[in-house]
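The file my_file03.csv contains CSV, C-alpha atoms:
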```
chain,number,residue,atom,x,y,z
A,1,MET,CA,-21.2,21.7,-1.6
A,2,MET,CA,-22.8,23.2,1.5
A,3,ASP,CA,-20.8,20.9,3.6
A,4,GLU,CA,-17.6,21.7,1.9
A,5,LEU,CA,-18.1,25.4,2.3
A,6,GLU,CA,-19.0,24.9,6.0
A,7,LEU,CA,-15.8,22.9,6.4
A,8,LEU,CA,-13.9,25.7,4.7
A,9,LYS,CA,-15.5,28.2,7.1
A,10,LYS,CA,-14.5,26.2,10.1
A,11,ASP,CA,-11.0,25.9,8.9
A,12,TRP,CA,-10.8,29.5,7.9
A,13,GLN,CA,-11.7,30.7,11.3
A,14,LYS,CA,-9.2,28.4,13.0
A,15,ARG,CA,-6.4,30.0,11.1
A,16,ASP,CA,-6.2,33.2,13.0
A,17,LYS,CA,-3.7,31.9,15.4
A,18,GLU,CA,-1.3,31.0,12.6
A,19,ILE,CA,-1.1,34.3,10.8
A,20,PRO,CA,2.2,36.1,11.3
A,21,GLN,CA,1.7,39.3,13.2
A,22,LEU,CA,3.2,42.7,12.3
A,23,SER,CA,4.6,44.7,15.2
A,24,TYR,CA,3.4,48.1,16.4
A,25,ASN,CA,6.4,49.7,14.7
A,26,ASP,CA,5.8,48.0,11.3
A,27,ILE,CA,2.2,49.3,11.2
A,28,HIS,CA,3.2,52.7,12.5
A,29,LYS,CA,5.8,53.1,9.7
A,30,MET,CA,3.1,52.2,7.1
A,31,THR,CA,0.9,55.0,8.1
A,32,TRP,CA,3.6,57.4,6.9
A,33,LYS,CA,3.9,55.8,3.4
A,34,LYS,CA,2.3,57.4,0.3
A,35,SER,CA,-0.7,55.9,-1.2
A,36,SER,CA,-0.5,54.4,-4.7
A,37,SER,CA,-4.2,53.9,-5.2
A,38,ILE,CA,-5.9,54.5,-8.6
A,39,VAL,CA,-7.6,57.6,-7.2
A,40,LYS,CA,-4.2,59.1,-6.5
A,41,TRP,CA,-3.2,58.2,-10.1
A,42,ILE,CA,-6.3,59.8,-11.6
A,43,LEU,CA,-5.5,63.0,-9.7
A,44,ILE,CA,-1.8,63.0,-10.9
A,45,ILE,CA,-2.8,62.3,-14.6
A,46,SER,CA,-5.6,64.9,-14.4
A,47,ILE,CA,-3.2,67.6,-13.1
A,48,LEU,CA,-0.8,66.7,-15.9
A,49,GLU,CA,-3.6,66.9,-18.4
A,50,PHE,CA,-4.6,70.4,-17.2
A,51,VAL,CA,-1.0,71.6,-17.2
A,52,LEU,CA,0.7,69.9,-20.2
A,53,PRO,CA,-1.3,71.6,-23.0
A,54,HIS,CA,-0.4,75.0,-21.6
A,55,LEU,CA,3.3,74.0,-21.7
A,56,LEU,CA,3.0,73.7,-25.4
A,57,TYR,CA,2.9,77.5,-25.7
A,58,LEU,CA,6.5,77.4,-24.4
A,59,ILE,CA,7.6,75.5,-27.5
A,60,PRO,CA,9.1,77.9,-30.1
A,61,ALA,CA,6.8,76.7,-32.9
A,62,PHE,CA,3.8,77.7,-30.9
A,63,LYS,CA,5.3,81.1,-30.2
A,64,ASP,CA,5.7,81.4,-34.0
A,65,SER,CA,2.1,80.5,-34.5
A,66,MET,CA,1.2,83.4,-32.1
A,67,HIS,CA,3.2,85.6,-34.4
A,68,ILE,CA,1.3,84.3,-37.4
A,69,TYR,CA,-2.0,85.1,-35.7
A,70,ASP,CA,-0.7,88.6,-35.1
A,71,THR,CA,0.3,89.2,-38.6
A,72,LEU,CA,-2.8,87.7,-40.0
A,73,GLY,CA,-5.0,89.9,-37.9
A,74,PHE,CA,-6.4,86.9,-36.1
A,75,LYS,CA,-5.2,88.0,-32.7
A,76,LYS,CA,-8.6,89.2,-31.4
A,77,TYR,CA,-10.2,85.9,-32.3
A,78,PHE,CA,-7.4,84.1,-30.6
A,79,TYR,CA,-8.1,86.1,-27.4
A,80,LEU,CA,-11.8,85.4,-27.7
A,81,ILE,CA,-11.2,81.7,-28.1
A,82,SER,CA,-8.7,81.8,-25.2
A,83,ALA,CA,-11.2,83.5,-22.9
A,84,ILE,CA,-13.9,80.8,-23.7
A,85,GLN,CA,-11.3,78.1,-23.3
A,86,TYR,CA,-10.1,79.3,-19.9
A,87,SER,CA,-13.7,79.7,-18.6
A,88,VAL,CA,-14.5,76.1,-19.6
A,89,ILE,CA,-11.2,74.9,-18.1
A,90,ILE,CA,-12.0,76.6,-14.8
A,91,TYR,CA,-15.4,74.9,-14.9
A,92,PHE,CA,-13.8,71.5,-15.5
A,93,ILE,CA,-11.3,72.0,-12.6
A,94,TYR,CA,-14.2,72.9,-10.3
A,95,GLN,CA,-16.2,69.9,-11.4
A,96,PHE,CA,-13.2,67.6,-11.0
A,97,TYR,CA,-12.3,68.9,-7.6
A,98,LYS,CA,-15.9,68.5,-6.4
A,99,ARG,CA,-16.2,64.9,-7.6
A,100,TYR,CA,-12.7,64.0,-6.5
A,101,LYS,CA,-13.6,65.1,-3.0
A,102,GLU,CA,-16.7,63.0,-3.0
A,103,ILE,CA,-14.7,59.8,-3.4
A,104,SER,CA,-14.6,58.0,-0.1
A,105,VAL,CA,-13.2,54.6,0.8
A,106,LEU,CA,-16.1,54.4,3.4
A,107,GLU,CA,-18.8,54.1,0.7
A,108,ASN,CA,-20.0,50.7,-0.3
A,109,ALA,CA,-18.1,49.1,-3.1
A,110,LYS,CA,-20.6,49.9,-5.8
A,111,LEU,CA,-21.0,53.6,-4.9
A,112,LEU,CA,-17.2,54.0,-4.6
A,113,MET,CA,-16.7,52.6,-8.1
A,114,HIS,CA,-19.5,54.8,-9.4
A,115,LYS,CA,-17.9,57.9,-8.0
A,116,ILE,CA,-14.5,57.1,-9.4
A,117,ILE,CA,-16.0,56.5,-12.9
A,118,LYS,CA,-17.9,59.8,-12.6
A,119,THR,CA,-14.7,61.7,-11.7
A,120,ARG,CA,-12.9,60.0,-14.6
A,121,LYS,CA,-15.7,61.1,-16.9
A,122,THR,CA,-15.1,64.7,-16.0
A,123,VAL,CA,-11.5,64.3,-17.1
A,124,LYS,CA,-12.6,62.5,-20.2
A,125,ASN,CA,-14.9,65.4,-21.2
A,126,TYR,CA,-12.1,67.8,-20.5
A,127,VAL,CA,-9.7,65.9,-22.7
A,128,VAL,CA,-12.2,65.7,-25.5
A,129,PHE,CA,-12.8,69.4,-25.2
A,130,SER,CA,-9.0,70.2,-25.2
A,131,LEU,CA,-8.4,68.0,-28.2
A,132,SER,CA,-11.3,69.7,-30.1
A,133,MET,CA,-9.8,73.1,-29.2
A,134,ILE,CA,-6.5,72.1,-30.7
A,135,LEU,CA,-8.2,71.0,-33.9
A,136,VAL,CA,-10.2,74.3,-34.0
A,137,THR,CA,-7.0,76.3,-33.5
A,138,VAL,CA,-5.3,74.3,-36.3
A,139,LEU,CA,-8.3,74.8,-38.6
A,140,LEU,CA,-8.3,78.5,-37.8
A,141,MET,CA,-4.7,78.8,-38.7
A,142,ILE,CA,-5.2,77.0,-42.0
A,143,VAL,CA,-8.2,79.2,-42.9
A,144,GLY,CA,-6.2,82.3,-41.9
A,145,ILE,CA,-3.3,81.4,-44.1
A,146,TYR,CA,-5.6,80.5,-47.0
A,147,LEU,CA,-7.5,83.8,-46.8
A,148,SER,CA,-4.6,86.0,-46.3
A,149,GLU,CA,-3.9,88.2,-49.3
A,150,ASP,CA,-0.5,89.6,-48.4
A,151,PHE,CA,0.7,86.2,-47.1
A,152,ALA,CA,3.7,86.2,-49.3
A,153,GLN,CA,5.0,89.2,-47.5
A,154,THR,CA,4.4,87.7,-44.1
A,155,LEU,CA,6.0,84.5,-45.3
A,156,SER,CA,9.3,86.2,-46.1
A,157,GLU,CA,9.9,86.3,-42.4
A,158,PHE,CA,9.6,82.6,-42.0
A,159,ASN,CA,10.5,81.3,-45.5
A,160,THR,CA,14.2,81.0,-45.5
A,161,ASP,CA,14.1,78.4,-48.2
A,162,SER,CA,14.1,80.4,-51.4
A,163,THR,CA,13.6,77.5,-53.8
A,164,LEU,CA,9.9,77.4,-53.0
A,165,SER,CA,7.5,79.8,-54.6
A,166,PRO,CA,5.4,81.8,-52.1
A,167,ASP,CA,2.2,80.0,-53.3
A,168,LYS,CA,3.7,76.6,-53.0
A,169,PHE,CA,5.1,77.4,-49.6
A,170,LYS,CA,1.6,78.5,-48.5
A,171,THR,CA,0.2,75.2,-49.5
A,172,VAL,CA,3.0,73.2,-47.9
A,173,LEU,CA,2.6,75.2,-44.7
A,174,MET,CA,-1.2,74.6,-44.7
A,175,ILE,CA,-0.8,70.9,-45.2
A,176,GLY,CA,2.1,70.8,-42.7
A,177,ILE,CA,0.1,72.5,-40.0
A,178,GLY,CA,-3.0,70.4,-40.7
A,179,VAL,CA,-1.1,67.1,-40.6
A,180,THR,CA,1.0,68.0,-37.6
A,181,GLY,CA,-2.1,69.3,-35.7
A,182,THR,CA,-4.1,66.2,-36.5
A,183,LEU,CA,-1.3,63.8,-35.6
A,184,LEU,CA,-0.6,65.7,-32.3
A,185,THR,CA,-4.3,65.5,-31.4
A,186,LEU,CA,-4.5,61.8,-32.2
A,187,PHE,CA,-1.3,61.1,-30.4
A,188,MET,CA,-2.4,62.9,-27.2
A,189,GLY,CA,-5.8,61.3,-27.4
A,190,ALA,CA,-4.3,57.8,-27.8
A,191,ILE,CA,-2.0,58.3,-24.8
A,192,TYR,CA,-4.9,59.4,-22.7
A,193,PHE,CA,-7.3,56.6,-23.6
A,194,LEU,CA,-4.6,53.9,-23.3
A,195,LEU,CA,-3.5,55.3,-19.9
A,196,TYR,CA,-7.0,55.3,-18.4
A,197,GLY,CA,-8.1,52.2,-20.2
A,198,ARG,CA,-5.3,50.3,-18.4
A,199,LEU,CA,-5.8,52.1,-15.1
A,200,LEU,CA,-9.5,51.5,-14.9
A,201,LYS,CA,-9.9,48.1,-16.6
A,202,LYS,CA,-10.3,46.1,-13.4
A,203,LEU,CA,-12.6,48.7,-11.8
A,204,LYS,CA,-14.9,48.7,-14.8
A,205,GLU,CA,-15.1,44.9,-14.9
A,206,ASN,CA,-16.0,44.8,-11.2
A,207,TYR,CA,-18.5,47.6,-11.5
A,208,LYS,CA,-20.2,45.8,-14.4
A,209,LYS,CA,-20.4,42.6,-12.4
A,210,LEU,CA,-22.1,44.5,-9.5
A,211,LYS,CA,-24.4,46.3,-11.9
A,212,GLN,CA,-25.4,43.1,-13.5
A,213,LEU,CA,-26.8,41.9,-10.2
A,214,GLU,CA,-29.5,44.5,-10.3
A,215,ILE,CA,-31.1,43.1,-13.4
B,1,MET,CA,-5.0,59.5,17.8
B,2,GLU,CA,-2.2,57.8,15.9
B,3,HIS,CA,-1.3,55.6,18.8
B,4,GLN,CA,-4.9,54.5,19.2
B,5,PHE,CA,-5.2,53.8,15.5
B,6,VAL,CA,-2.0,51.7,15.3
B,7,THR,CA,-3.0,49.7,18.4
B,8,ASN,CA,-6.5,49.1,17.0
B,9,LEU,CA,-5.2,48.0,13.7
B,10,GLN,CA,-2.5,45.8,15.3
B,11,SER,CA,-5.0,43.8,17.2
B,12,ASN,CA,-7.3,43.5,14.2
B,13,GLN,CA,-4.6,42.9,11.6
B,14,ASN,CA,-5.8,39.4,10.8
B,15,ILE,CA,-8.7,40.9,8.8
B,16,VAL,CA,-6.2,42.7,6.5
B,17,HIS,CA,-3.9,39.7,6.2
B,18,LYS,CA,-6.8,37.5,5.1
B,19,VAL,CA,-7.9,40.0,2.5
B,20,CYS,CA,-4.3,40.3,1.2
B,21,THR,CA,-4.0,36.5,1.0
B,22,LEU,CA,-7.2,36.2,-1.0
B,23,TYR,CA,-6.4,39.0,-3.4
B,24,THR,CA,-2.6,38.6,-4.0
B,25,ASN,CA,-0.4,35.8,-5.1
B,26,ASP,CA,3.0,36.4,-3.6
B,27,LYS,CA,4.6,37.9,-0.5
B,28,ASP,CA,5.6,41.2,-2.1
B,29,ALA,CA,2.1,41.9,-3.4
B,30,HIS,CA,0.7,40.8,0.0
B,31,ASN,CA,2.8,43.4,1.8
B,32,ASP,CA,2.1,46.0,-0.8
B,33,LEU,CA,-1.7,45.6,-0.5
B,34,PHE,CA,-1.3,45.5,3.3
B,35,GLN,CA,0.4,48.8,3.2
B,36,GLU,CA,-2.1,50.4,0.9
B,37,ILE,CA,-5.0,49.2,3.1
B,38,THR,CA,-3.2,50.6,6.2
B,39,ILE,CA,-2.8,54.0,4.4
B,40,GLN,CA,-6.5,54.0,3.4
B,41,LEU,CA,-7.6,53.0,6.9
B,42,TRP,CA,-5.4,55.7,8.4
B,43,LYS,CA,-6.7,58.4,6.0
B,44,ALA,CA,-10.3,57.5,6.8
B,45,TYR,CA,-9.7,57.1,10.5
B,46,PRO,CA,-10.7,60.7,11.4
B,47,LYS,CA,-14.2,59.8,10.1
B,48,PHE,CA,-14.4,56.7,12.3
B,49,ARG,CA,-16.6,57.8,15.1
B,50,GLY,CA,-16.8,54.5,17.0
B,51,GLU,CA,-20.5,54.0,16.0
B,52,ALA,CA,-19.5,50.7,14.5
B,53,LYS,CA,-16.9,48.3,15.8
B,54,PHE,CA,-13.5,49.1,14.5
B,55,SER,CA,-13.3,45.6,12.9
B,56,THR,CA,-16.6,46.1,11.1
B,57,TRP,CA,-15.4,49.4,9.7
B,58,MET,CA,-12.1,47.7,8.6
B,59,TYR,CA,-13.9,45.1,6.4
B,60,ARG,CA,-15.3,47.8,4.2
B,61,VAL,CA,-12.1,49.8,3.8
B,62,ALA,CA,-10.0,46.7,3.3
B,63,LEU,CA,-12.3,45.2,0.7
B,64,ASN,CA,-12.7,48.6,-1.1
B,65,THR,CA,-9.0,48.9,-1.3
B,66,ALA,CA,-8.5,45.4,-2.6
B,67,ILE,CA,-11.3,45.4,-5.2
B,68,THR,CA,-11.2,49.0,-6.3
B,69,LEU,CA,-8.3,51.2,-5.3
B,70,TYR,CA,-5.4,48.8,-5.4
B,71,ARG,CA,-3.4,49.4,-8.6
B,72,LYS,CA,-1.0,46.6,-9.0
B,73,SER,CA,-2.6,43.5,-10.5
B,74,LYS,CA,-0.3,40.6,-10.1
B,75,ARG,CA,-3.4,38.5,-10.3
B,76,THR,CA,-2.3,35.5,-12.4
B,77,ILE,CA,-3.0,32.3,-10.5
B,78,ARG,CA,0.1,30.5,-9.5
B,79,THR,CA,-0.7,27.4,-7.7
B,80,GLN,CA,2.7,27.1,-6.0
B,81,ASP,CA,1.9,30.3,-4.0
B,82,TYR,CA,-1.4,28.9,-2.9
B,83,ASP,CA,0.2,27.3,0.2
B,84,SER,CA,0.9,30.6,1.9
B,85,VAL,CA,0.8,30.6,5.6
B,86,ILE,CA,-3.0,30.9,5.9
B,87,PHE,CA,-3.8,28.2,3.5
B,88,LYS,CA,-1.2,25.7,4.8
B,89,ILE,CA,-3.0,22.6,5.8
B,90,LYS,CA,-1.5,20.7,8.7
B,91,ALA,CA,-1.7,17.1,7.8
B,92,ASP,CA,-2.3,15.9,11.4
B,93,GLU,CA,-5.4,18.0,11.9
B,94,TYR,CA,-7.5,16.4,9.3
B,95,ASP,CA,-8.0,13.0,7.7
B,96,GLU,CA,-6.8,12.6,4.1
B,97,THR,CA,-10.1,13.3,2.4
B,98,GLU,CA,-10.8,16.4,4.4
B,99,GLU,CA,-7.3,17.7,3.8
B,100,GLU,CA,-7.6,17.2,0.1
B,101,GLN,CA,-11.0,18.8,0.0
B,102,LEU,CA,-9.8,21.9,1.8
B,103,LYS,CA,-6.8,22.3,-0.5
B,104,LEU,CA,-9.1,22.1,-3.5
B,105,MET,CA,-11.6,24.5,-1.9
B,106,TYR,CA,-8.9,27.2,-1.2
B,107,LYS,CA,-7.6,26.8,-4.7
B,108,ALA,CA,-11.0,27.2,-6.1
B,109,VAL,CA,-11.7,30.3,-4.1
B,110,LYS,CA,-8.5,31.9,-5.3
B,111,GLN,CA,-9.7,31.4,-8.9
B,112,LEU,CA,-12.9,33.4,-8.3
B,113,GLY,CA,-13.3,37.0,-9.6
B,114,ASP,CA,-12.9,40.0,-7.3
B,115,ILE,CA,-16.5,40.5,-6.3
B,116,ASP,CA,-17.1,36.7,-5.8
B,117,LYS,CA,-14.1,36.6,-3.6
B,118,ALA,CA,-15.4,39.4,-1.5
B,119,LEU,CA,-18.7,37.5,-1.0
B,120,VAL,CA,-16.9,34.3,0.0
B,121,PHE,CA,-14.6,36.2,2.3
B,122,LEU,CA,-17.5,37.9,4.2
B,123,TYR,CA,-19.3,34.6,4.3
B,124,LEU,CA,-16.2,32.8,5.7
B,125,GLU,CA,-15.9,35.6,8.3
B,126,ASP,CA,-19.4,34.8,9.4
B,127,LYS,CA,-21.0,38.0,8.2
B,128,ASP,CA,-24.8,38.0,7.7
B,129,TYR,CA,-26.4,38.9,4.3
B,130,ARG,CA,-27.3,42.4,5.6
B,131,GLU,CA,-23.7,43.2,6.2
B,132,ILE,CA,-22.6,41.6,3.0
B,133,SER,CA,-25.1,43.6,1.0
B,134,GLU,CA,-24.2,46.9,2.7
B,135,THR,CA,-20.5,46.4,2.1
B,136,LEU,CA,-20.9,45.7,-1.6
B,137,GLY,CA,-23.8,48.0,-2.3
B,138,ILE,CA,-26.3,45.4,-3.5
B,139,SER,CA,-29.6,44.4,-2.1
B,140,GLU,CA,-29.9,41.6,0.4
B,141,VAL,CA,-31.8,39.4,-2.0
B,142,ASN,CA,-29.2,39.9,-4.7
B,143,ALA,CA,-26.4,39.1,-2.2
B,144,ARG,CA,-28.2,35.7,-1.5
B,145,VAL,CA,-28.7,35.1,-5.2
B,146,LYS,CA,-25.1,36.0,-5.9
B,147,MET,CA,-23.8,33.7,-3.1
B,148,ASN,CA,-25.8,30.8,-4.5
B,149,ARG,CA,-24.2,31.4,-7.9
B,150,VAL,CA,-20.8,31.5,-6.4
B,151,LYS,CA,-21.4,28.2,-4.7
B,152,THR,CA,-22.4,26.8,-8.1
B,153,LYS,CA,-19.3,28.3,-9.6
B,154,LEU,CA,-17.1,26.7,-6.9
B,155,ARG,CA,-18.8,23.4,-7.5
B,156,THR,CA,-17.9,23.6,-11.2
B,157,ILE,CA,-14.3,24.5,-10.4
B,158,LEU,CA,-14.1,21.5,-8.0
B,159,ASN,CA,-15.8,19.0,-10.3
B,160,PRO,CA,-15.0,20.1,-13.9
```

File written out as structure tokens:
Amino acid sequence: MMDELELLKKDWQKRDKEIPQLSYNDIHKMTWKKSSSIVKWILIISILEFVLPHLLYLIPAFKDSMHIYDTLGFKKYFYLISAIQYSVIIYFIYQFYKRYKEISVLENAKLLMHKIIKTRKTVKNYVVFSLSMILVTVLLMIVGIYLSEDFAQTLSEFNTDSTLSPDKFKTVLMIGIGVTGTLLTLFMGAIYFLLYGRLLKKLKENYKKLKQLEI
Amino acid sequence: MEHQFVTNLQSNQNIVHKVCTLYTNDKDAHNDLFQEITIQLWKAYPKFRGEAKFSTWMYRVALNTAITLYRKSKRTIRTQDYDSVIFKIKADEYDETEEEQLKLMYKAVKQLGDIDKALVFLYLEDKDYREISETLGISEVNARVKMNRVKTKLRTILNP
């Protein structure tokens, strides 16, 4: 085996002359191209993850829910939750930026992989936090509707279907919000984990192999 | 700075070509990886202070890009692609047994995992275990142990 590998080494080093060479211009052009590395993708996906949930508020249904909060007297809680939420988001953005900046192609392979995984963990924690917040909001809405005494009155603004009794409509609305909220959370979670799972599969395998060497 | 970088890379481009040949299976993927490595080298160039040789510095960036940063994974082994320019064996240079042996060896190396390939690559490039261990981020002892395991693995591939 040793001899075979030595033979390969000898042959390998002789091949330099046969490799087709790129011109100065070819290489120069390449320096202007955009990178498509996984670090770049993590950045793009993360920015989308920070921005997308906030776009939800532009959807009419979410505007309606704000109106419901208002009529239910939940507005102040909503503001409190929003304040906490934004402080946590700012913390996550800061953490993400710090870790993202630490990633350098000049590290050794293991450290580079470790830093990418650490950056990704920040995004993962953020996603878990956002999804929990959606669930808390949904829960708060359901509790609000349930506790509200004068809900029938409030409903008249939304209930255009007169065949449903106010009580029945209340139940339907609660179940509807609960199911939609949960499905939305699951859907967003699934997309996230599939996306990252695919993106980082190779990296994780290689990192595991390098880590195994330490044992 | 840009001129200096392009000139430096142009005269050392074989390192990148060899990495691309090991880690990709067709011409498109080869060019794609070459481009990504060039971009990463260029992005990191301001941090290159000439303490190390440009080529030494290139090994690390090129391998990191191939193993970790490169996204597309057209990594299925297709034997017909194996005789890319670098791996083409010229019949008149070797006797038949040697030629056959080399062909099998190159094929076996292509079948290794990413980390194992990096080890073999650095070994073939005549790097010592200190440099191998520093590039991969493992201890020198572990680099030796790993290299021995890779040799065993190659032997198994060659003599199933």

With the cut-off set at 7 Å and counting only C-alpha atoms, tabulate each residue of chain B with an atom at most that distance from an atom of chain A, showing the nearest atom pair and its distance in Å to one decimal, ordered by chain and increasing number, as a Markdown table.
```
| residue | atom | partner | partner_atom | distance |
| --- | --- | --- | --- | --- |
| B:Val6 | CA | A:His28 | CA | 6.0 |
| B:Thr7 | CA | A:Tyr24 | CA | 6.9 |
| B:Gln10 | CA | A:Tyr24 | CA | 6.4 |
| B:Asn14 | CA | A:Asp16 | CA | 6.6 |
| B:Gln35 | CA | A:Met30 | CA | 5.8 |
| B:Glu36 | CA | A:Ser35 | CA | 6.1 |
| B:Thr38 | CA | A:Thr31 | CA | 6.3 |
| B:Ile39 | CA | A:Thr31 | CA | 5.3 |
| B:Trp42 | CA | A:Thr31 | CA | 6.3 |
| B:Arg60 | CA | A:Leu106 | CA | 6.7 |
| B:Val61 | CA | A:Val105 | CA | 5.8 |
| B:Asn64 | CA | A:Ala109 | CA | 5.8 |
| B:Thr68 | CA | A:Leu203 | CA | 5.7 |
| B:Leu69 | CA | A:Ser37 | CA | 4.9 |
| B:Tyr70 | CA | A:Ser37 | CA | 5.2 |
| B:Arg71 | CA | A:Ile38 | CA | 5.7 |
| B:Val85 | CA | A:Ile19 | CA | 6.7 |
| B:Ile86 | CA | A:Ile19 | CA | 6.3 |
| B:Leu102 | CA | A:Leu8 | CA | 6.3 |
| B:Asp114 | CA | A:Asn206 | CA | 6.9 |
| B:Ile115 | CA | A:Asn206 | CA | 6.5 |
| B:Leu124 | CA | A:Lys9 | CA | 4.9 |
| B:Glu134 | CA | A:Asn108 | CA | 6.4 |
| B:Thr135 | CA | A:Asn108 | CA | 4.9 |
| B:Leu136 | CA | A:Ala109 | CA | 4.7 |
| B:Gly137 | CA | A:Asn108 | CA | 5.1 |
| B:Asn142 | CA | A:Leu213 | CA | 6.3 |
| B:Arg155 | CA | A:Met1 | CA | 6.6 |
```

Serialized selection, C-alpha atoms, as a short mmCIF file (atom, residue, chain, number, x, y, z; two decimals), in the coordinates of the input:
```
data_model
loop_
_atom_site.label_atom_id
_atom_site.label_comp_id
_atom_site.auth_asym_id
_atom_site.auth_seq_id
_atom_site.Cartn_x
_atom_site.Cartn_y
_atom_site.Cartn_z
CA VAL B 6 -2.00 51.70 15.30
CA THR B 7 -3.00 49.70 18.40
CA GLN B 10 -2.50 45.80 15.30
CA ASN B 14 -5.80 39.40 10.80
CA GLN B 35 0.40 48.80 3.20
CA GLU B 36 -2.10 50.40 0.90
CA THR B 38 -3.20 50.60 6.20
CA ILE B 39 -2.80 54.00 4.40
CA TRP B 42 -5.40 55.70 8.40
CA ARG B 60 -15.30 47.80 4.20
CA VAL B 61 -12.10 49.80 3.80
CA ASN B 64 -12.70 48.60 -1.10
CA THR B 68 -11.20 49.00 -6.30
CA LEU B 69 -8.30 51.20 -5.30
CA TYR B 70 -5.40 48.80 -5.40
CA ARG B 71 -3.40 49.40 -8.60
CA VAL B 85 0.80 30.60 5.60
CA ILE B 86 -3.00 30.90 5.90
CA LEU B 102 -9.80 21.90 1.80
CA ASP B 114 -12.90 40.00 -7.30
CA ILE B 115 -16.50 40.50 -6.30
CA LEU B 124 -16.20 32.80 5.70
CA GLU B 134 -24.20 46.90 2.70
CA THR B 135 -20.50 46.40 2.10
CA LEU B 136 -20.90 45.70 -1.60
CA GLY B 137 -23.80 48.00 -2.30
CA ASN B 142 -29.20 39.90 -4.70
CA ARG B 155 -18.80 23.40 -7.50
#
```

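A straight line drawn from atom CA of Phe78 of chain A to atom CA of Leu52 of chain A is 19.4 Å long.
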
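Picture a line from atom CA of His54 of chain A to atom CA of Ile103 of chain A; it runs 27.7 Å.
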
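From atom CA of Ile90 of chain A back to atom CA of Phe50 of chain A, the distance works out to 9.9 Å.
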
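You can rank B:Asn25, B:His30, B:Tyr45, B:Ala66 by their closest distance to His3 of chain B using only C-alpha atoms, and at the top of that list sits B:Tyr45.
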
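Here the question is which of B:Gln40, B:Leu119, B:Lys47, B:Ala108 gets nearest to Asn159 of chain B using only C-alpha atoms, and that residue is B:Ala108.
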
Taking all atoms listed in the file into account, name the residue in A:Lys98, A:Lys124, A:Lys76, A:Ile44 that is nearest to Gly197 of chain A.
A:Lys124

Selection: 8 Å around Val109 of chain B, only C-alpha atoms, excl. self and same-chain fewer than 6 positions, as a list in words
Lys117, Val120 and Leu154 of chain B

Contacts of Val141 of chain B at 9 Å or less, counting all atoms listed in the file, minus same-chain residues fewer than 5 places along, as a PDB file with C-alpha atoms, keeping the file's coordinate frame?
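The resulting result-v5.pdb:
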```pdb
ATOM      1  CA  TYR B 129     -26.400  38.900   4.300  1.00  0.00           C
ATOM      2  CA  SER B 133     -25.100  43.600   1.000  1.00  0.00           C
ATOM      3  CA  LYS B 146     -25.100  36.000  -5.900  1.00  0.00           C
TER       4      LYS B 146
END
```

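Near Val143 of chain A, within a cut-off of 12 Å and counting only C-alpha atoms, sit the residues A:Tyr69, A:Leu72, A:Phe74, A:Val136, A:Thr137, A:Val138, A:Leu139, A:Leu140, A:Met141, A:Ile145, A:Tyr146, A:Leu147, A:Ser148, A:Glu149, A:Lys170, A:Thr171, A:Leu173, A:Met174, A:Ile175, A:Ile177, A:Gly178, with same-chain residues fewer than 2 positions away left out.
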
Store the residues picked out above, limited to C-alpha atoms, as an mmCIF file, keeping the file's coordinate frame.
```cif
data_model
loop_
_atom_site.group_PDB
_atom_site.id
_atom_site.type_symbol
_atom_site.label_atom_id
_atom_site.label_comp_id
_atom_site.auth_asym_id
_atom_site.auth_seq_id
_atom_site.Cartn_x
_atom_site.Cartn_y
_atom_site.Cartn_z
ATOM 1 C CA TYR A 69 -2.000 85.100 -35.700
ATOM 2 C CA LEU A 72 -2.800 87.700 -40.000
ATOM 3 C CA PHE A 74 -6.400 86.900 -36.100
ATOM 4 C CA VAL A 136 -10.200 74.300 -34.000
ATOM 5 C CA THR A 137 -7.000 76.300 -33.500
ATOM 6 C CA VAL A 138 -5.300 74.300 -36.300
ATOM 7 C CA LEU A 139 -8.300 74.800 -38.600
ATOM 8 C CA LEU A 140 -8.300 78.500 -37.800
ATOM 9 C CA MET A 141 -4.700 78.800 -38.700
ATOM 10 C CA ILE A 145 -3.300 81.400 -44.100
ATOM 11 C CA TYR A 146 -5.600 80.500 -47.000
ATOM 12 C CA LEU A 147 -7.500 83.800 -46.800
ATOM 13 C CA SER A 148 -4.600 86.000 -46.300
ATOM 14 C CA GLU A 149 -3.900 88.200 -49.300
ATOM 15 C CA LYS A 170 1.600 78.500 -48.500
ATOM 16 C CA THR A 171 0.200 75.200 -49.500
ATOM 17 C CA LEU A 173 2.600 75.200 -44.700
ATOM 18 C CA MET A 174 -1.200 74.600 -44.700
ATOM 19 C CA ILE A 175 -0.800 70.900 -45.200
ATOM 20 C CA ILE A 177 0.100 72.500 -40.000
ATOM 21 C CA GLY A 178 -3.000 70.400 -40.700
#
```

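Shortest separation to Phe48 of chain B among B:Phe5, B:Glu100, B:Lys18, B:Glu131 occurs at residue B:Phe5, atoms counted being all atoms listed in the file.
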